[in-house]
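All remarks here apply to the structure that follows.
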Amino acid sequence: MISEATKARFAREVAKFPADQKQSAVMACLSIVQQEFGHVSVESEKIVAAYLGMAPMAVHEVTTFYNMYNQASVGKYKINVCTNLPCQLRDGGKALAHLEGKLGVSMGETTPDGLFTLQQCECLGACADSPVLLVNDRTMCSFMSNDKLDQLIDGLKAVEAK
Amino acid sequence: MSAEKILGQFQATGVQTCFHGRHITPQIYADLNGTNWRLKDYEARGGYQALRKILGQDGGEGLTQDQVIATVKESSLRGRGGAGFPTGLKWSFMPRQFPGQKYLVCNSDEGEPGTCKDREIMQFNPHIVIEGMAIAAYAMGISVGYNYIHGEIFQTYERFEEALEEARAAGLLGNSILGSSFSFQLHASHGFGAYICGEETALLESLEGKKGQPRFKPPFPASFGLYGKPTTINNTETFAAVPWIIRNGGQAYLECGKPNNGGTKIFSVSGDVERPGNYEIPMGTSFAKLLELAGGVRGGRQLKAVIPGGSSAPVLPASIMMDCTMDYDSISKAGSMLGSGAVIVMDDTRCMVESLLRLSYFYMHESCGQCTPCREGTGWMWRVIERIKNGHGRPEDLNLLNSVADNIQGRTICALGDAAAMPVRAMIKHFRPEFDHLIEHKTPLVRATA
């Protein structure tokens with residue numbers, strides 16, 4: 001079920017659009033669902049569909065079209081490393097490889113403890129900051145040298161060990 | 001320490017990329033330091049004076065809608081998103097007398113590889129976009145607008161929302177702006193990972209809550225846009241240029257640049273340079289000067305090639321690029337496009353087959369799947385380039401690549417097909433020996449260092 005607090009967040013998005021165009025809020029509602037539950041399940045899609053007056057399939061079309069929606073559960077920290085050409089020229093690929101070694105997984109995989117999912121991604125729009133990565137869709141980390149990548153992973157592991 | 005604090009250590013500050021003091025006569029990035037993004041700071045820099053001026057709230061007469069559009073036309077401002085279409089002309093296409101809702105949309109879905117200028121505008125100077133949009137809305141008689149922001153820059157989206165709240169609280173947005181009869185409601189919306197939504201009609205579909213697949217044009221958005229209503233869409237940087245033009249006049253803006261290429265432009269320089277970042281310089285500045293501002297080629301190596309306008313623009317070899325000036329006409333004459341102003345620099349250690357392989361993967365990944373030539377052709381091109389790269393290329397492969405590219409270009413609903421085809425053709429045209437060598441000898445002519 002969706003809490004009243006979540007519904008209030010939905011309502012804030014719906015209010016941006018004309019009364020007969022509630023569907024326009026679907027992108028934002030799904031990203032809120034993902035932030036709160038970690039991924040967008042078919043059940044969540046149905047709830048969003050009912051809230052916005054859409055067919056569940058129309059919501060599913062959105063979930064499956066956009067790269068950032070997780071259709072299945074991911075690690076507690078989803079790390080997306082940009083490897084597009086401008087980043088490839090500035091160690092984006094090396095950052096991804098370093099994280100693969102550090103976490104002991106290949107890109108696309110989740111660590112056995114469920115903490116980290118590592119993914120390659122397309123342009124984040126921060127090309128001058130390369131190596132650059134996105135954590136859980138909402139927080140970008142810039143100039144991620146190998147040292148900083150170690151600090152990031154070790155730091156997050158320490159938080160979770162508490 | 002909390003997870004937020006740990007992540008916070010790695011946030012971009014803009015120090016290296018924007019506050020480096022190496023812009024030339026900047027207008028949009030002028031006097032920014034990363035902390036002075038709020039309304040009071042923007043007003044201290046002269047912000048919202050242009051809006052006050054057109055509304056006659058500065059003690060003057062005010063400007064009519066026609067006067068605003070004429071000023072923008074005179075400035076020779078051209079769309080900063082990639083197409084370079086004259087902004088004033090676009091504004092004049094809006095049917096101002098249309099008896100119903102009209103919409104203004106800002107395209108901040110900045111995902112063209114190499115481009116990172118709009119993010120820094122909205123992060124460090126969000127009110128300049130709000131003011132630019134309000135002026136545009138006034139000029140075209142529009143009362144509702146949306147800024148559609150790249151989903152990957154969520155923190156910038158939140159910053160922009162905060163700036164909107166400030167503007168609303170100060171009476172600079174909303175009903176009866178500054179006590180005038182002009183009302184304009186502006187909202188922020190975000191994507192969630194789809195390059196195609198930078199295409200204006202795909203963006204409109206996305207804003208309507210659908211998958212972002214481009215629409216046929218015509219009808220153009222000016223007659224059938226958001227929710228089927230007349231809509232004008234401009235890029236973030238285009239709107240950000242408008243307040244300066246209104247304050248200083250169209251002629252003054254034009255004189256900043258060169259004829260037909262008015263004003264300053266922000267170039268995002270990435271790749272093999274010492275100081276990657278955004279550089280705001282007058283249109284018509286030489287590429288050599290821009291390269292110098294960016295610290296020159298990294299490690300003192302030789303310049304090999306430049307993609308001058310984002311990854312969709314045809315690559316140009318160093319010899320051609322060093323003779324170019326940074327404006328729409330010069331880059332176009334040299335056989336490429338100024339595009340979004342994203343300058344991807346490659347040095348002499350770069351294997352162009354490897355570079356093209358990564359680009360072709362991107363277009364395959366981001367093709368929306370609506371048109372067969374693009375959906376099938378982008379994957380086909382990637383597979384052929386991959387086998388060349390891996391030493392399994394066939395003698396006929398380069399002709400095949402050009403043939404597939406020919407059969408995509410101009411045969412799709414939107415420009416993504418062209419954007420996928422052009423880099424392939426240009427890479428083969430300018431760097432054919434590298435492809436031939438890999439096909440014949442199974443090893444690269446240039447050893448990649450990345």
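The chains in the structure tokens are called A, B, ... from first to last as shown; in each chain the residues are counted from 1, and the ligands are counted from 1 in the order shown.
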Fill in: Selection: 12 Å around B:Thr25, only C-alpha atoms, excl. self and same-chain fewer than 2 positions, as a ChimeraX atom specification
/B:21-23,27-31,253,255-257,263-266,279-283,285
Could you turn the residues from that selection into a file that holds C-alpha atoms, as a PDB file, in the first residue's frame?
ATOM      1  CA  GLY B  21      37.681  32.813 -14.741  1.00  0.00           C
ATOM      2  CA  ARG B  22      38.510  31.832 -18.306  1.00  0.00           C
ATOM      3  CA  HIS B  23      35.288  32.876 -20.000  1.00  0.00           C
ATOM      4  CA  GLN B  27      26.726  36.974 -19.890  1.00  0.00           C
ATOM      5  CA  ILE B  28      25.084  33.827 -18.507  1.00  0.00           C
ATOM      6  CA  TYR B  29      27.972  32.614 -16.358  1.00  0.00           C
ATOM      7  CA  ALA B  30      29.153  36.120 -15.377  1.00  0.00           C
ATOM      8  CA  ASP B  31      30.007  36.662 -11.702  1.00  0.00           C
ATOM      9  CA  TYR B 253      23.941  41.208 -28.486  1.00  0.00           C
ATOM     10  CA  GLU B 255      27.761  42.783 -31.882  1.00  0.00           C
ATOM     11  CA  CYS B 256      29.028  40.370 -29.194  1.00  0.00           C
ATOM     12  CA  GLY B 257      29.222  37.696 -31.826  1.00  0.00           C
ATOM     13  CA  GLY B 263      25.985  36.757 -28.793  1.00  0.00           C
ATOM     14  CA  THR B 264      28.067  34.556 -26.584  1.00  0.00           C
ATOM     15  CA  LYS B 265      27.789  30.779 -26.534  1.00  0.00           C
ATOM     16  CA  ILE B 266      28.719  28.248 -23.886  1.00  0.00           C
ATOM     17  CA  TYR B 279      33.586  28.121 -21.542  1.00  0.00           C
ATOM     18  CA  GLU B 280      31.312  31.029 -22.439  1.00  0.00           C
ATOM     19  CA  ILE B 281      32.861  32.962 -25.312  1.00  0.00           C
ATOM     20  CA  PRO B 282      31.678  35.205 -28.139  1.00  0.00           C
ATOM     21  CA  MET B 283      30.393  33.436 -31.226  1.00  0.00           C
ATOM     22  CA  THR B 285      35.987  32.977 -31.437  1.00  0.00           C
TER      23      THR B 285
END
Item to complete: Enumerate, as a count of residues only, the complete set of residues in stretch 62-162 of chain A that a backbone-based DSSP assignment places in alpha helix (DSSP H).
Response: 36
Discussion item. Excluding A:Leu134 and its own-chain neighbours fewer than 6 positions away, which residues fall within 6 Å of it when counting only C-alpha atoms? Please give them as JSON, numbers by chain.
Written reply: {"A": [79, 80, 140]}
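With atom CA of B:Gly179 on one side and atom CA of B:Ala137 on the other, the separation reads 16.3 Å.
Proximity of B:Arg394, B:Arg447, B:Arg387, B:Arg350 to chain A, computed with only C-alpha atoms, is greatest for B:Arg350.
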Counting only C-alpha atoms, give me one row per residue of stretch 43-123 of chain B with an atom at most 7 Å from an atom of stretch 310-319 of chain B, showing the shortest contact pair and its distance in Å to one decimal, sorted by chain then residue number, as CSV.
residue,atom,partner,partner_atom,distance
B:Glu112,CA,B:Gly310,CA,5.8
B:Pro113,CA,B:Ser311,CA,5.4
B:Gly114,CA,B:Gly310,CA,5.3
B:Thr115,CA,B:Gly310,CA,6.4
Go ahead and dump the residues you just picked, N, CA and C atoms, as a PDB file, in the first residue's frame.
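Once written, result23.pdb looks like this:
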ATOM      1  N   GLU B 112      22.885  15.061 -24.848  1.00  0.00           N
ATOM      2  CA  GLU B 112      23.752  14.884 -26.009  1.00  0.00           C
ATOM      3  C   GLU B 112      25.175  14.697 -25.505  1.00  0.00           C
ATOM      4  N   PRO B 113      25.777  13.510 -25.737  1.00  0.00           N
ATOM      5  CA  PRO B 113      27.106  13.282 -25.162  1.00  0.00           C
ATOM      6  C   PRO B 113      28.091  14.420 -25.472  1.00  0.00           C
ATOM      7  N   GLY B 114      28.710  14.900 -24.413  1.00  0.00           N
ATOM      8  CA  GLY B 114      29.632  16.025 -24.509  1.00  0.00           C
ATOM      9  C   GLY B 114      29.054  17.301 -23.936  1.00  0.00           C
ATOM     10  N   THR B 115      27.726  17.358 -23.779  1.00  0.00           N
ATOM     11  CA  THR B 115      27.067  18.610 -23.398  1.00  0.00           C
ATOM     12  C   THR B 115      26.760  18.648 -21.902  1.00  0.00           C
TER      13      THR B 115
END
Discussion item. I need the residue nearest A:Cys123 from this list: A:Leu30, A:Val81, A:Met1, A:Met54. Use only C-alpha atoms for the distance.
Written reply: A:Val81
Practice prompt. Excluding A:Thr83 and residues on its chain fewer than 5 positions from it, collect all residues at most 9 Å away from it, counting only C-alpha atoms, and give them as a PyMOL selection string.
Written response: (chain A and resi 88-89+91-96+120-123+131-132) or (chain B and resi 358)
Practice prompt. Could you jot down the atom CA of B:Asn260 to atom CA of B:Ala139 separation for me, Å, one decimal place?
Written response: 22.0 Å
Item to complete: Enumerate the residues of stretch 17-194 of chain B with a DSSP assignment of strand (DSSP E or B), computed from the backbone, and present them as a list in words.
Response: Arg78, Pro86, Tyr103, Leu104, Val105, Cys106, Asn107, Ser108, Val144, Gly145, Tyr146, Asn147, Tyr148, Ile149, Gly174, Phe184, Gln185, Leu186, His187, Ala188, Ser189 and His190 of chain B
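Separating atom CA of B:Met326 from atom CA of B:Leu203 is a distance of 28.0 Å.
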Worksheet item: Between B:Val404, B:Ala288, B:Ile439, B:Ala134, which is the closest to B:Ile320 once you count only C-alpha atoms?
Response: B:Ala288
Discussion item. When you look at B:Phe10 with a cut-off of 10 Å (counting only C-alpha atoms), what residues show up, excluding the ones that are within fewer than 3 positions of it in the same chain? I need them as a VMD selection string.
Written reply: (chain A and resid 132 to 133 139 to 144 148 to 149 151 to 152) or (chain B and resid 5 to 7 13)
Practice prompt. For A:Lys102, please output as a list of chain:residue names all residues within 9 Å (counting only C-alpha atoms; exclusion window: fewer than 2 positions along the same chain).
Written response: A:Ala97, A:His98, A:Leu99, A:Glu100, A:Gly104, A:Val105, A:Leu149, A:Asp150, A:Ile153
For the residues in that selection, give me N, CA and C atoms as a compact mmCIF listing (two decimals), in the first residue's frame.
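To be explicit, this is the file written out as result-v4.txt:
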# COMPACT_ATOMS: atom_id res chain seq x y z
N ALA A 97 35.67 -0.40 -14.33
CA ALA A 97 36.49 -1.59 -14.11
C ALA A 97 37.01 -1.62 -12.66
N HIS A 98 37.38 -0.46 -12.14
CA HIS A 98 37.86 -0.41 -10.77
C HIS A 98 36.76 -0.84 -9.79
N LEU A 99 35.55 -0.38 -10.05
CA LEU A 99 34.43 -0.76 -9.17
C LEU A 99 34.11 -2.25 -9.30
N GLU A 100 34.25 -2.77 -10.51
CA GLU A 100 34.03 -4.22 -10.69
C GLU A 100 35.01 -5.00 -9.82
N GLY A 104 33.79 -6.90 -6.66
CA GLY A 104 33.80 -8.32 -7.01
C GLY A 104 32.59 -8.75 -7.83
N VAL A 105 32.04 -7.83 -8.59
CA VAL A 105 30.92 -8.17 -9.48
C VAL A 105 31.20 -7.58 -10.86
N LEU A 149 36.74 6.54 -5.49
CA LEU A 149 35.82 5.39 -5.60
C LEU A 149 35.98 4.50 -4.36
N ASP A 150 37.23 4.29 -3.94
CA ASP A 150 37.46 3.48 -2.73
C ASP A 150 36.82 4.14 -1.51
N ILE A 153 32.97 3.64 -1.65
CA ILE A 153 32.51 2.28 -1.33
C ILE A 153 32.81 1.94 0.14
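The shortest atom-to-atom distance to A:Phe37, with only C-alpha atoms taken into account, belongs to A:Val74 out of A:Pro56, A:Val74, A:Thr63, A:Asn84.
Each of A:Cys87, A:Cys82, A:Ala49, A:Ala15 was checked against B:Ile344 using only C-alpha atoms; the smallest atom-to-atom distance is that of A:Cys87.
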With a distance cut-off of 9 Å and only C-alpha atoms, select the neighbouring residues of B:Arg425, excluding the residue or stretch itself and same-chain residues fewer than 3 positions from it, and output the selection as a short mmCIF file (atom, residue, chain, number, x, y, z; two decimals) with C-alpha atoms, in the first residue's frame.
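Now in result.cif:
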data_model
loop_
_atom_site.label_atom_id
_atom_site.label_comp_id
_atom_site.auth_asym_id
_atom_site.auth_seq_id
_atom_site.Cartn_x
_atom_site.Cartn_y
_atom_site.Cartn_z
CA PRO B 314 30.40 14.67 -37.77
CA LEU B 401 28.48 0.59 -42.98
CA ASN B 402 28.08 3.48 -45.40
CA ALA B 405 24.04 4.74 -42.74
CA ASP B 406 22.63 5.91 -46.09
CA ALA B 421 24.44 7.78 -39.25
CA MET B 422 26.54 10.94 -39.49
CA ILE B 428 35.14 6.47 -42.17
CA LYS B 429 35.61 9.48 -44.42
CA HIS B 430 38.33 11.13 -42.36
#
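With only C-alpha atoms as the atoms that count, the minimum distance from A:Leu115 to the choices A:Val14, A:Cys127, A:Leu85, A:Val159 is reached by A:Val159.
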